[in-house]
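Reproduced below: model_12.cif, with mmCIF, C-alpha atoms.
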```cif
data_start
#
loop_
_atom_site.label_atom_id
_atom_site.label_comp_id
_atom_site.auth_asym_id
_atom_site.auth_seq_id
_atom_site.Cartn_x
_atom_site.Cartn_y
_atom_site.Cartn_z
CA MET Z 1 0.00 0.00 0.00
CA ARG Z 2 1.32 3.40 -0.90
CA LEU Z 3 -0.05 6.49 0.83
CA VAL Z 4 0.77 10.03 -0.23
CA ARG Z 5 0.12 13.16 1.82
CA GLN Z 6 1.07 16.79 1.41
CA ILE Z 7 2.61 17.92 4.69
CA MET Z 8 5.14 20.69 5.43
CA GLY Z 9 4.62 21.79 1.83
CA LEU Z 10 6.13 18.49 0.71
CA PRO Z 11 4.86 15.29 -0.83
CA ILE Z 12 5.23 12.53 1.76
CA SER Z 13 5.01 9.04 0.33
CA LEU Z 14 4.78 5.97 2.53
CA ASP Z 15 4.89 2.40 1.27
CA LEU Z 16 3.94 -0.15 3.90
CA PRO Z 17 1.86 -3.34 4.40
CA ASP Z 18 -1.88 -2.94 3.73
CA ASP Z 19 -2.97 -3.56 7.32
CA GLU Z 20 -0.82 -0.79 8.81
CA GLN Z 21 -2.89 2.25 7.90
CA ASP Z 22 -3.43 3.29 11.53
CA ALA Z 23 0.31 3.42 12.17
CA ALA Z 24 0.75 5.36 8.95
CA GLU Z 25 -1.83 7.96 10.02
CA ARG Z 26 -0.02 8.41 13.35
CA ALA Z 27 3.23 9.03 11.48
CA PHE Z 28 1.49 11.58 9.24
CA ALA Z 29 -0.05 13.24 12.33
CA TRP Z 30 3.43 13.66 13.80
CA LEU Z 31 4.65 15.34 10.62
CA ARG Z 32 1.66 17.72 10.72
CA GLU Z 33 2.58 18.56 14.31
CA VAL Z 34 6.13 19.32 13.18
CA ASP Z 35 4.76 21.62 10.51
CA ARG Z 36 2.68 23.50 13.11
CA ARG Z 37 5.47 23.77 15.63
CA PHE Z 38 8.61 24.22 13.55
CA SER Z 39 7.61 25.88 10.28
CA PRO Z 40 9.50 29.14 9.65
CA PHE Z 41 6.41 30.28 7.70
CA ARG Z 42 3.96 30.25 10.63
CA ASP Z 43 3.89 33.30 12.88
CA ASP Z 44 3.15 31.25 15.97
CA SER Z 45 5.64 28.41 15.46
CA GLU Z 46 8.43 27.68 17.91
CA VAL Z 47 10.90 28.57 15.15
CA THR Z 48 9.34 31.96 14.38
CA GLN Z 49 9.02 32.73 18.11
CA PHE Z 50 12.49 31.44 18.84
CA ASP Z 51 14.28 33.15 21.71
CA PRO Z 52 17.92 32.06 22.06
CA ASP Z 53 17.56 32.34 25.82
CA GLY Z 54 14.61 29.97 25.91
CA PRO Z 55 12.60 28.37 27.28
CA HIS Z 56 12.61 25.65 24.62
CA SER Z 57 10.62 22.46 24.26
CA ALA Z 58 12.48 19.15 24.41
CA GLU Z 59 12.17 18.82 20.63
CA MET Z 60 13.47 22.35 20.07
CA ARG Z 61 16.44 21.65 22.32
CA GLU Z 62 17.16 18.61 20.19
CA ILE Z 63 16.94 20.64 16.97
CA VAL Z 64 19.16 23.41 18.33
CA GLY Z 65 21.67 20.77 19.45
CA LEU Z 66 21.72 19.22 15.99
CA CYS Z 67 22.23 22.60 14.35
CA GLU Z 68 25.13 23.40 16.66
CA THR Z 69 26.68 19.98 16.05
CA TYR Z 70 26.65 20.38 12.28
CA GLU Z 71 27.70 24.03 12.39
CA GLY Z 72 30.77 22.81 14.27
CA LEU Z 73 31.42 19.76 12.11
CA SER Z 74 31.16 21.76 8.87
CA GLY Z 75 33.35 24.60 10.07
CA GLY Z 76 30.45 27.03 9.82
CA ALA Z 77 29.45 26.19 6.24
CA PHE Z 78 26.12 24.97 7.56
CA ARG Z 79 24.41 27.66 9.63
CA ALA Z 80 20.91 27.84 11.05
CA ARG Z 81 21.44 31.53 11.83
CA LEU Z 82 22.60 33.45 8.78
CA PRO Z 83 23.34 37.15 9.17
CA GLY Z 84 20.22 39.24 8.68
CA ARG Z 85 17.90 36.27 8.98
CA GLY Z 86 16.05 34.69 11.84
CA PHE Z 87 16.75 31.25 13.25
CA ASP Z 88 15.94 28.77 10.47
CA PRO Z 89 16.72 25.13 11.20
CA SER Z 90 14.83 23.91 8.09
CA GLY Z 91 17.96 22.21 6.77
CA ILE Z 92 17.83 19.89 9.78
CA VAL Z 93 14.15 19.64 10.66
CA LYS Z 94 12.86 17.68 7.68
CA GLY Z 95 15.24 14.73 8.08
CA TRP Z 96 14.88 14.77 11.85
CA ALA Z 97 11.08 14.82 11.64
CA ALA Z 98 10.95 12.02 9.05
CA GLN Z 99 13.38 9.95 11.11
CA ARG Z 100 11.04 10.33 14.09
CA ALA Z 101 8.10 9.34 11.90
CA GLY Z 102 10.03 6.20 10.98
CA GLU Z 103 10.64 5.49 14.65
CA LEU Z 104 6.90 5.86 15.34
CA LEU Z 105 6.23 3.28 12.64
CA ARG Z 106 8.77 0.88 14.12
CA ALA Z 107 7.34 1.40 17.61
CA ALA Z 108 3.93 0.47 16.22
CA GLY Z 109 5.40 -2.80 14.98
CA VAL Z 110 5.78 -1.83 11.33
CA THR Z 111 9.12 -3.25 10.29
CA ARG Z 112 8.88 -3.12 6.50
CA PHE Z 113 8.30 0.31 5.01
CA CYS Z 114 9.69 2.94 2.70
CA LEU Z 115 9.12 6.54 3.74
CA ASN Z 116 9.93 9.34 1.32
CA ALA Z 117 9.60 12.84 2.75
CA GLY Z 118 10.20 15.31 -0.07
CA GLY Z 119 13.06 13.23 -1.41
CA ASP Z 120 14.49 12.10 1.93
CA VAL Z 121 14.09 8.35 2.25
CA ILE Z 122 14.04 5.69 4.96
CA ALA Z 123 14.24 2.16 3.52
CA ALA Z 124 13.33 -0.37 6.20
CA GLY Z 125 12.80 -4.11 6.55
CA ARG Z 126 13.74 -5.18 3.05
CA THR Z 127 15.90 -4.02 0.20
CA TRP Z 128 14.32 -1.05 -1.53
CA SER Z 129 15.70 0.34 -4.76
CA VAL Z 130 16.22 4.06 -4.33
CA GLY Z 131 16.89 6.16 -7.39
CA ILE Z 132 18.90 9.36 -7.10
CA ARG Z 133 17.17 12.03 -9.11
CA HIS Z 134 19.04 13.25 -12.16
CA PRO Z 135 19.87 16.89 -11.39
CA ASP Z 136 18.78 18.07 -14.84
CA GLN Z 137 15.90 15.71 -15.61
CA PRO Z 138 12.91 15.36 -13.25
CA MET Z 139 11.82 12.09 -14.85
CA ALA Z 140 15.23 10.43 -14.76
CA VAL Z 141 17.62 9.05 -12.18
CA CYS Z 142 21.40 9.17 -12.31
CA ALA Z 143 21.98 6.18 -10.03
CA VAL Z 144 19.95 3.49 -8.30
CA LEU Z 145 20.94 2.16 -4.89
CA ALA Z 146 19.83 -1.05 -3.20
CA VAL Z 147 19.17 0.14 0.33
CA ARG Z 148 18.06 -1.81 3.39
CA ASP Z 149 17.65 -0.41 6.90
CA ARG Z 150 19.38 2.79 5.96
CA ALA Z 151 18.40 6.30 4.98
CA VAL Z 152 19.12 8.37 1.88
CA ALA Z 153 18.96 12.17 1.67
CA THR Z 154 19.76 14.48 -1.21
CA SER Z 155 20.48 18.20 -1.28
CA GLY Z 156 20.49 20.10 -4.53
CA SER Z 157 19.89 23.40 -6.20
CA TYR Z 158 17.64 22.16 -9.00
CA GLU Z 159 14.27 22.32 -7.23
CA ARG Z 160 14.25 25.47 -5.20
CA GLY Z 161 17.14 27.23 -6.86
CA GLU Z 162 19.99 28.53 -4.77
CA HIS Z 163 18.51 28.10 -1.33
CA ILE Z 164 21.47 26.59 0.47
CA PHE Z 165 24.01 29.15 1.61
CA ASP Z 166 27.63 28.71 2.55
CA GLY Z 167 27.62 30.07 6.08
CA ARG Z 168 31.31 30.92 5.77
CA THR Z 169 30.73 33.41 2.97
CA GLY Z 170 26.98 34.10 3.17
CA ARG Z 171 26.74 33.31 -0.55
CA PRO Z 172 24.72 30.58 -2.22
CA ALA Z 173 26.52 27.25 -2.52
CA ARG Z 174 27.20 26.77 -6.23
CA GLU Z 175 29.95 24.19 -6.69
CA LEU Z 176 27.61 21.20 -6.62
CA VAL Z 177 24.21 20.58 -8.18
CA SER Z 178 23.34 17.46 -6.19
CA LEU Z 179 24.74 15.66 -3.19
CA THR Z 180 23.31 12.47 -1.73
CA VAL Z 181 24.21 10.84 1.57
CA VAL Z 182 23.42 7.29 2.68
CA ALA Z 183 23.54 6.86 6.46
CA ALA Z 184 22.13 4.64 9.20
CA ASP Z 185 19.43 7.20 10.03
CA LEU Z 186 17.73 10.03 8.18
CA THR Z 187 18.60 12.73 10.71
CA THR Z 188 22.27 12.13 9.93
CA ALA Z 189 21.78 11.67 6.18
CA ASP Z 190 19.81 14.92 5.83
CA ALA Z 191 22.06 17.02 8.08
CA VAL Z 192 25.26 15.74 6.46
CA SER Z 193 23.92 16.23 2.92
CA THR Z 194 22.78 19.79 3.69
CA ALA Z 195 26.05 20.74 5.36
CA ALA Z 196 28.14 19.05 2.63
CA PHE Z 197 26.21 20.87 -0.08
CA ALA Z 198 26.95 24.17 1.68
CA LEU Z 199 30.65 23.21 1.80
CA GLY Z 200 30.69 22.77 -1.98
CA ARG Z 201 33.36 20.62 -3.57
CA ASP Z 202 35.10 20.13 -0.21
CA GLY Z 203 31.82 18.74 1.08
CA ILE Z 204 32.19 15.56 -0.95
CA SER Z 205 35.18 14.24 0.98
CA TRP Z 206 33.87 15.80 4.19
CA ALA Z 207 30.60 13.87 3.90
CA ALA Z 208 32.41 10.66 2.98
CA ALA Z 209 34.48 11.05 6.16
CA GLN Z 210 31.44 11.31 8.46
CA PRO Z 211 30.94 8.07 10.42
CA GLY Z 212 28.73 5.60 8.56
CA CYS Z 213 28.12 7.95 5.61
CA LEU Z 214 28.41 7.21 1.90
CA VAL Z 215 28.22 10.01 -0.64
CA HIS Z 216 27.19 10.47 -4.28
CA ALA Z 217 27.66 13.95 -5.70
CA VAL Z 218 27.29 15.72 -9.04
CA ASP Z 219 29.32 18.89 -9.41
CA ALA Z 220 28.38 21.94 -11.47
CA GLU Z 221 30.40 20.54 -14.39
CA ARG Z 222 28.26 17.39 -14.19
CA ARG Z 223 31.04 15.15 -12.99
CA VAL Z 224 29.96 12.38 -10.65
CA HIS Z 225 31.86 11.77 -7.39
CA ARG Z 226 31.13 9.01 -4.93
CA SER Z 227 32.48 7.06 -1.97
CA ALA Z 228 34.27 3.90 -3.04
CA ALA Z 229 31.99 1.81 -0.81
CA LEU Z 230 28.88 3.20 -2.50
CA ARG Z 231 29.66 0.87 -5.36
CA ASP Z 232 28.40 -2.03 -3.21
CA LEU Z 233 24.93 -0.46 -3.18
CA LEU Z 234 24.78 0.54 -6.83
CA VAL Z 235 22.23 -1.40 -8.80
CA SER Z 236 23.35 -2.23 -12.27
CA PRO Z 237 20.76 -3.21 -14.86
CA GLY Z 238 19.41 -6.67 -14.33
CA THR Z 239 20.61 -7.24 -10.78
CA MET Z 240 17.21 -6.59 -9.25
CA ALA Z 241 13.82 -7.91 -10.18
CA MET B 1 0.78 -0.35 -20.56
CA ARG B 2 1.31 2.58 -18.25
CA LYS B 3 4.33 0.84 -16.83
CA ALA B 4 5.65 0.47 -20.34
CA LEU B 5 5.20 4.19 -20.85
CA VAL B 6 7.05 5.04 -17.67
CA ILE B 7 9.86 2.70 -18.65
CA ALA B 8 9.91 4.26 -22.08
CA LEU B 9 10.14 7.72 -20.55
CA LEU B 10 13.04 6.63 -18.39
CA GLY B 11 14.71 5.43 -21.56
CA ILE B 12 14.11 8.78 -23.17
CA ALA B 13 15.64 10.60 -20.28
CA ALA B 14 18.72 8.42 -20.62
CA VAL B 15 19.05 9.27 -24.27
CA LEU B 16 18.55 12.98 -23.69
CA PRO B 17 22.22 13.83 -23.41
CA LEU B 18 22.82 12.04 -26.72
CA VAL B 19 20.26 14.32 -28.26
CA ARG B 20 22.28 17.25 -27.02
CA TYR B 21 25.19 16.01 -29.09
CA ARG B 22 23.29 15.39 -32.27
CA PRO B 23 20.30 17.69 -32.43
CA ALA B 24 17.94 16.33 -35.04
CA PRO B 25 16.98 18.71 -37.82
CA ALA B 26 13.64 20.38 -37.30
CA GLY B 27 10.67 19.16 -39.27
CA ALA B 28 12.06 15.69 -39.86
CA HIS B 29 9.55 13.95 -37.67
CA PRO B 30 6.28 12.97 -39.25
CA VAL B 31 3.69 12.60 -36.55
CA ALA B 32 0.15 11.38 -36.58
CA ALA B 33 -1.21 12.93 -33.42
CA PRO B 34 -0.89 16.44 -32.02
CA ALA B 35 1.53 16.69 -29.13
CA PRO B 36 -0.02 17.25 -25.74
CA ALA B 37 1.19 20.55 -24.39
CA ALA B 38 1.51 19.82 -20.71
CA SER B 39 4.18 17.61 -19.25
CA SER B 40 2.00 16.70 -16.30
CA SER B 41 0.05 14.46 -18.64
CA ILE B 42 2.94 12.05 -18.80
CA ALA B 43 2.06 9.91 -15.83
CA SER B 44 -1.54 9.63 -16.91
CA ALA B 45 -1.18 9.60 -20.68
CA PRO B 46 -3.75 7.33 -22.31
CA PRO B 47 -2.39 4.16 -23.91
CA ASN B 48 -1.53 4.54 -27.55
CA PRO B 49 -3.21 2.13 -29.95
CA PRO B 50 -0.61 -0.43 -31.08
CA GLY B 51 0.96 0.39 -34.40
CA ASN B 52 -0.17 3.98 -34.27
CA GLN B 53 2.25 6.80 -33.96
CA SER B 54 1.82 9.24 -31.17
CA VAL B 55 3.83 12.05 -29.68
CA VAL B 56 4.54 13.01 -26.12
CA ASP B 57 6.26 16.21 -25.05
CA GLY B 58 8.43 15.87 -21.98
CA PRO B 59 8.39 18.47 -19.25
CA GLU B 60 10.27 21.68 -19.91
CA VAL B 61 13.31 21.24 -17.74
CA ASP B 62 15.17 24.13 -16.21
CA SER B 63 18.84 23.31 -16.17
CA ASP B 64 21.76 25.51 -15.27
CA PHE B 65 22.16 25.96 -19.00
CA GLY B 66 18.65 27.13 -19.68
CA PRO B 67 15.33 25.38 -20.30
CA TYR B 68 15.03 22.42 -22.60
CA GLN B 69 12.29 20.02 -23.58
CA VAL B 70 12.10 16.80 -25.57
CA ARG B 71 9.43 15.49 -27.94
CA VAL B 72 9.17 11.73 -28.22
CA THR B 73 7.47 9.83 -31.01
CA PHE B 74 6.08 6.42 -30.16
CA SER B 75 5.01 3.67 -32.47
CA GLY B 76 2.75 1.84 -30.06
CA THR B 77 4.96 1.73 -26.98
CA ARG B 78 8.19 1.73 -28.94
CA ILE B 79 10.16 4.94 -29.22
CA THR B 80 10.83 5.77 -32.83
CA ASP B 81 12.15 9.28 -32.49
CA ILE B 82 13.41 11.78 -29.94
CA ALA B 83 13.97 15.42 -30.65
CA LEU B 84 14.77 18.51 -28.64
CA ILE B 85 11.98 21.05 -29.00
CA THR B 86 13.74 23.67 -26.95
CA GLU B 87 17.35 23.61 -25.93
CA PRO B 88 19.59 25.80 -23.84
CA GLY B 89 20.25 28.89 -25.87
CA ASP B 90 23.43 30.33 -24.46
CA ARG B 91 26.28 29.10 -26.62
CA HIS B 92 28.90 29.22 -23.91
CA SER B 93 26.70 27.31 -21.50
CA GLN B 94 25.83 24.88 -24.25
CA ARG B 95 29.49 24.19 -24.84
CA ILE B 96 30.05 23.55 -21.13
CA ALA B 97 27.03 21.27 -21.02
CA ASN B 98 28.26 19.23 -23.93
CA ALA B 99 31.82 19.04 -22.71
CA ALA B 100 30.77 17.89 -19.27
CA ALA B 101 27.85 15.63 -20.05
CA PRO B 102 29.49 12.24 -20.58
CA THR B 103 30.27 11.38 -16.98
CA LEU B 104 26.78 12.03 -15.73
CA ARG B 105 25.42 10.55 -18.92
CA GLN B 106 27.25 7.27 -18.36
CA GLU B 107 25.89 7.05 -14.83
CA ALA B 108 22.40 7.90 -15.98
CA LEU B 109 22.45 5.39 -18.82
CA GLN B 110 23.44 2.68 -16.34
CA ALA B 111 20.64 3.63 -14.01
CA GLN B 112 17.62 3.92 -16.29
CA SER B 113 16.82 0.27 -16.75
CA ALA B 114 16.83 -0.61 -13.06
CA HIS B 115 13.62 -1.15 -11.14
CA ILE B 116 12.91 1.77 -8.79
CA ASP B 117 10.78 1.89 -5.63
CA THR B 118 11.36 5.50 -4.74
CA VAL B 119 13.46 8.54 -5.64
CA SER B 120 15.75 10.57 -3.43
CA GLY B 121 16.05 14.15 -4.58
CA ALA B 122 16.42 17.69 -3.42
CA THR B 123 13.32 18.96 -1.67
CA ALA B 124 10.50 18.50 -4.13
CA THR B 125 7.92 21.24 -4.02
CA SER B 126 4.37 20.02 -4.47
CA GLU B 127 4.30 21.68 -7.87
CA ALA B 128 7.48 20.01 -9.11
CA TYR B 129 6.33 16.72 -7.62
CA ALA B 130 3.45 16.51 -10.10
CA GLN B 131 6.00 16.36 -12.91
CA SER B 132 8.55 14.16 -11.19
CA LEU B 133 9.43 10.51 -11.40
CA GLN B 134 8.48 10.09 -7.73
CA GLY B 135 5.06 11.52 -8.57
CA ALA B 136 4.71 9.02 -11.39
CA LEU B 137 5.78 6.12 -9.16
CA ASP B 138 3.28 7.16 -6.48
CA ALA B 139 0.50 7.57 -9.03
CA LYS B 140 1.24 4.06 -10.22
CA GLY B 141 1.00 2.85 -6.61
CA HIS B 142 4.54 1.56 -6.66
#
```
If you convert what's in this file into C-alpha cells, what do you get?
Amino acid sequence: MRLVRQIMGLPISLDLPDDEQDAAERAFAWLREVDRRFSPFRDDSEVTQFDPDGPHSAEMREIVGLCETYEGLSGGAFRARLPGRGFDPSGIVKGWAAQRAGELLRAAGVTRFCLNAGGDVIAAGRTWSVGIRHPDQPMAVCAVLAVRDRAVATSGSYERGEHIFDGRTGRPARELVSLTVVAADLTTADAVSTAAFALGRDGISWAAAQPGCLVHAVDAERRVHRSAALRDLLVSPGTMA
Amino acid sequence: MRKALVIALLGIAAVLPLVRYRPAPAGAHPVAAPAPAASSSIASAPPNPPGNQSVVDGPEVDSDFGPYQVRVTFSGTRITDIALITEPGDRHSQRIANAAAPTLRQEALQAQSAHIDTVSGATATSEAYAQSLQGALDAKGH
C-alpha cells in the first residue's frame, strides 16, 4: 500500500503493508505537528518565536543541538542563523522529523516500510531500490541504490534554486548541483547532505568522512563523485527484479 | 501499458544527453497525433493504440544551462524518435554542457533500466512533484 500526503509543503510518500494504515496515520499526524510547531512560515511556530535564551521544548532543544553539532562539524558552512535572517533550522528539521516518523512506525510494529519525505528516504525491513534524481531531468535518475535499513537524503539546487548558503561566505553554494548521503538514520543523512552541499566541492570528501556515511555527488560541471563503498549499493541493470 | 510508458520515458531521459550532441533537424519527424502541451500528462497519458504513432512532449526542464524540452514519437509503446523542441540557448553554456555531459550521462544510462521503488532528490515542491518521477511512481501505486 502506498499512501501520499502533502505535509510541510512536501509530498510525503509511505509504502507499507496494507494492514498498517493506523500506524501510517499516526506518522502523518506527527509530521503535521512538526509543521505547526517548527515551520518558519507560521507566525506562531516555535521557530518563528524562537528566543535564544529559551525556554525551549524538548524537541526544540534537540533541533538546536543538531544545528550546533553540524555548524561545528562543517566549520560554519552549515548555519541555522545566517546574518540578517532569523533562526531557520529547516535544513535539519525535515530529516529529523521524518526519522522520528520512521521510529513511530517501528514502535507500532511496522518493520517493512519505505518513507519518502520530499526526497528524503528511509528504507526499512527489506531491500528497496532508491533512485537518485538526475539533477537536470525530473523524470530520470542518475543512479539506483539497493538500500536496506538505511536512509538516503539528497540536497540540490535544482528544485528550489539557490537556497542553500555557505555560512562561511553568506553566498549561495554553487559548486555542486546534487549531493546524496546514505547513512544509518535520516537525521544524519539529511544534516550531512545539507552541510556538505553548503561546503561545496570540499563537502564531498567531508561527507564521505562522516561516520557511517556514503556520498554520491554531481558537481556543477556534471562530474559524478562518490564514496568507493557506495559501489556495493549501486544497482546495475538486471541485478534486481 | 502505463508501466511500459514510464519505462519508455526513463529510456528517453537516458538518451537525452545524446540528443544534445546530435540535435535532429527540425521538421524531420512525421507525426500522426498532435503533441499534448503539458508535461504533467505524462504519468496519466492514455495508452496509444498499437501500431499507431503518437507524440509526447516531456516536461520543460530548467537546467543551469537554460530550459530544454524533448518530444518523443512512439510507435505503439516503442520509441521511434526523440527530438529537442527547446534547448539551452546560451552558446557558452551549451558548450560547457556538452563538454561535461558524458560522466553524468554514463551514470544515468546505467541507471535507467533498473527497477525503482522511490526517488531521493532535493526537496520537491508540491508543484514540481506533479512532474517528477516520484510523482509518477506514487500515481502508479509503486
Please report as a PyMOL selection string which residues of chain Z come no farther than 7 Å from chain B, using all atoms listed in the file.
chain Z and resi 2+9-11+118-121+128-133+136-144+152-156+159+221-224+235-238+240-241
Pull C-alpha atoms from the residues just selected and write them as a PDB file, in the frame of the given file.
```
ATOM      1  CA  ARG Z   2       1.320   3.400  -0.900  1.00  0.00           C
ATOM      2  CA  GLY Z   9       4.620  21.790   1.830  1.00  0.00           C
ATOM      3  CA  LEU Z  10       6.130  18.490   0.710  1.00  0.00           C
ATOM      4  CA  PRO Z  11       4.860  15.290  -0.830  1.00  0.00           C
ATOM      5  CA  GLY Z 118      10.200  15.310  -0.070  1.00  0.00           C
ATOM      6  CA  GLY Z 119      13.060  13.230  -1.410  1.00  0.00           C
ATOM      7  CA  ASP Z 120      14.490  12.100   1.930  1.00  0.00           C
ATOM      8  CA  VAL Z 121      14.090   8.350   2.250  1.00  0.00           C
ATOM      9  CA  TRP Z 128      14.320  -1.050  -1.530  1.00  0.00           C
ATOM     10  CA  SER Z 129      15.700   0.340  -4.760  1.00  0.00           C
ATOM     11  CA  VAL Z 130      16.220   4.060  -4.330  1.00  0.00           C
ATOM     12  CA  GLY Z 131      16.890   6.160  -7.390  1.00  0.00           C
ATOM     13  CA  ILE Z 132      18.900   9.360  -7.100  1.00  0.00           C
ATOM     14  CA  ARG Z 133      17.170  12.030  -9.110  1.00  0.00           C
ATOM     15  CA  ASP Z 136      18.780  18.070 -14.840  1.00  0.00           C
ATOM     16  CA  GLN Z 137      15.900  15.710 -15.610  1.00  0.00           C
ATOM     17  CA  PRO Z 138      12.910  15.360 -13.250  1.00  0.00           C
ATOM     18  CA  MET Z 139      11.820  12.090 -14.850  1.00  0.00           C
ATOM     19  CA  ALA Z 140      15.230  10.430 -14.760  1.00  0.00           C
ATOM     20  CA  VAL Z 141      17.620   9.050 -12.180  1.00  0.00           C
ATOM     21  CA  CYS Z 142      21.400   9.170 -12.310  1.00  0.00           C
ATOM     22  CA  ALA Z 143      21.980   6.180 -10.030  1.00  0.00           C
ATOM     23  CA  VAL Z 144      19.950   3.490  -8.300  1.00  0.00           C
ATOM     24  CA  VAL Z 152      19.120   8.370   1.880  1.00  0.00           C
ATOM     25  CA  ALA Z 153      18.960  12.170   1.670  1.00  0.00           C
ATOM     26  CA  THR Z 154      19.760  14.480  -1.210  1.00  0.00           C
ATOM     27  CA  SER Z 155      20.480  18.200  -1.280  1.00  0.00           C
ATOM     28  CA  GLY Z 156      20.490  20.100  -4.530  1.00  0.00           C
ATOM     29  CA  GLU Z 159      14.270  22.320  -7.230  1.00  0.00           C
ATOM     30  CA  GLU Z 221      30.400  20.540 -14.390  1.00  0.00           C
ATOM     31  CA  ARG Z 222      28.260  17.390 -14.190  1.00  0.00           C
ATOM     32  CA  ARG Z 223      31.040  15.150 -12.990  1.00  0.00           C
ATOM     33  CA  VAL Z 224      29.960  12.380 -10.650  1.00  0.00           C
ATOM     34  CA  VAL Z 235      22.230  -1.400  -8.800  1.00  0.00           C
ATOM     35  CA  SER Z 236      23.350  -2.230 -12.270  1.00  0.00           C
ATOM     36  CA  PRO Z 237      20.760  -3.210 -14.860  1.00  0.00           C
ATOM     37  CA  GLY Z 238      19.410  -6.670 -14.330  1.00  0.00           C
ATOM     38  CA  MET Z 240      17.210  -6.590  -9.250  1.00  0.00           C
ATOM     39  CA  ALA Z 241      13.820  -7.910 -10.180  1.00  0.00           C
TER      40      ALA Z 241
END
```
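If you look at CA of Arg174 (chain Z) and CA of Ala151 (chain Z), they are 24.9 Å away from each other.
Here CA of Ala217 (chain Z) stands at a distance of 13.2 Å from CA of Arg231 (chain Z).
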For region 26-42 of chain Z: contacts at 10 Å, only C-alpha atoms, fewer than 3 positions along chain excluded, given as a VMD selection string
chain Z and resid 3 to 9 12 to 14 21 to 23 45 to 50 59 to 60 63 86 to 90 93 to 94 96 to 98 100 to 105 108 117
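With distances restricted to only C-alpha atoms, Z:Gly125 is the closest residue to Asp15 (chain Z) from Z:Gly167, Z:Pro211, Z:Gly125, Z:Gly200.
In this model, the gap between CA of Leu233 (chain Z) and CA of Ala183 (chain Z) comes to 12.2 Å.
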Expand the PyMOL selection byres ((chain Z and resi 16) around 9) into the explicit residue set it covers here, and present it as number ranges by chain.
Z: 1-3, 14-15, 17-21, 24, 110-115
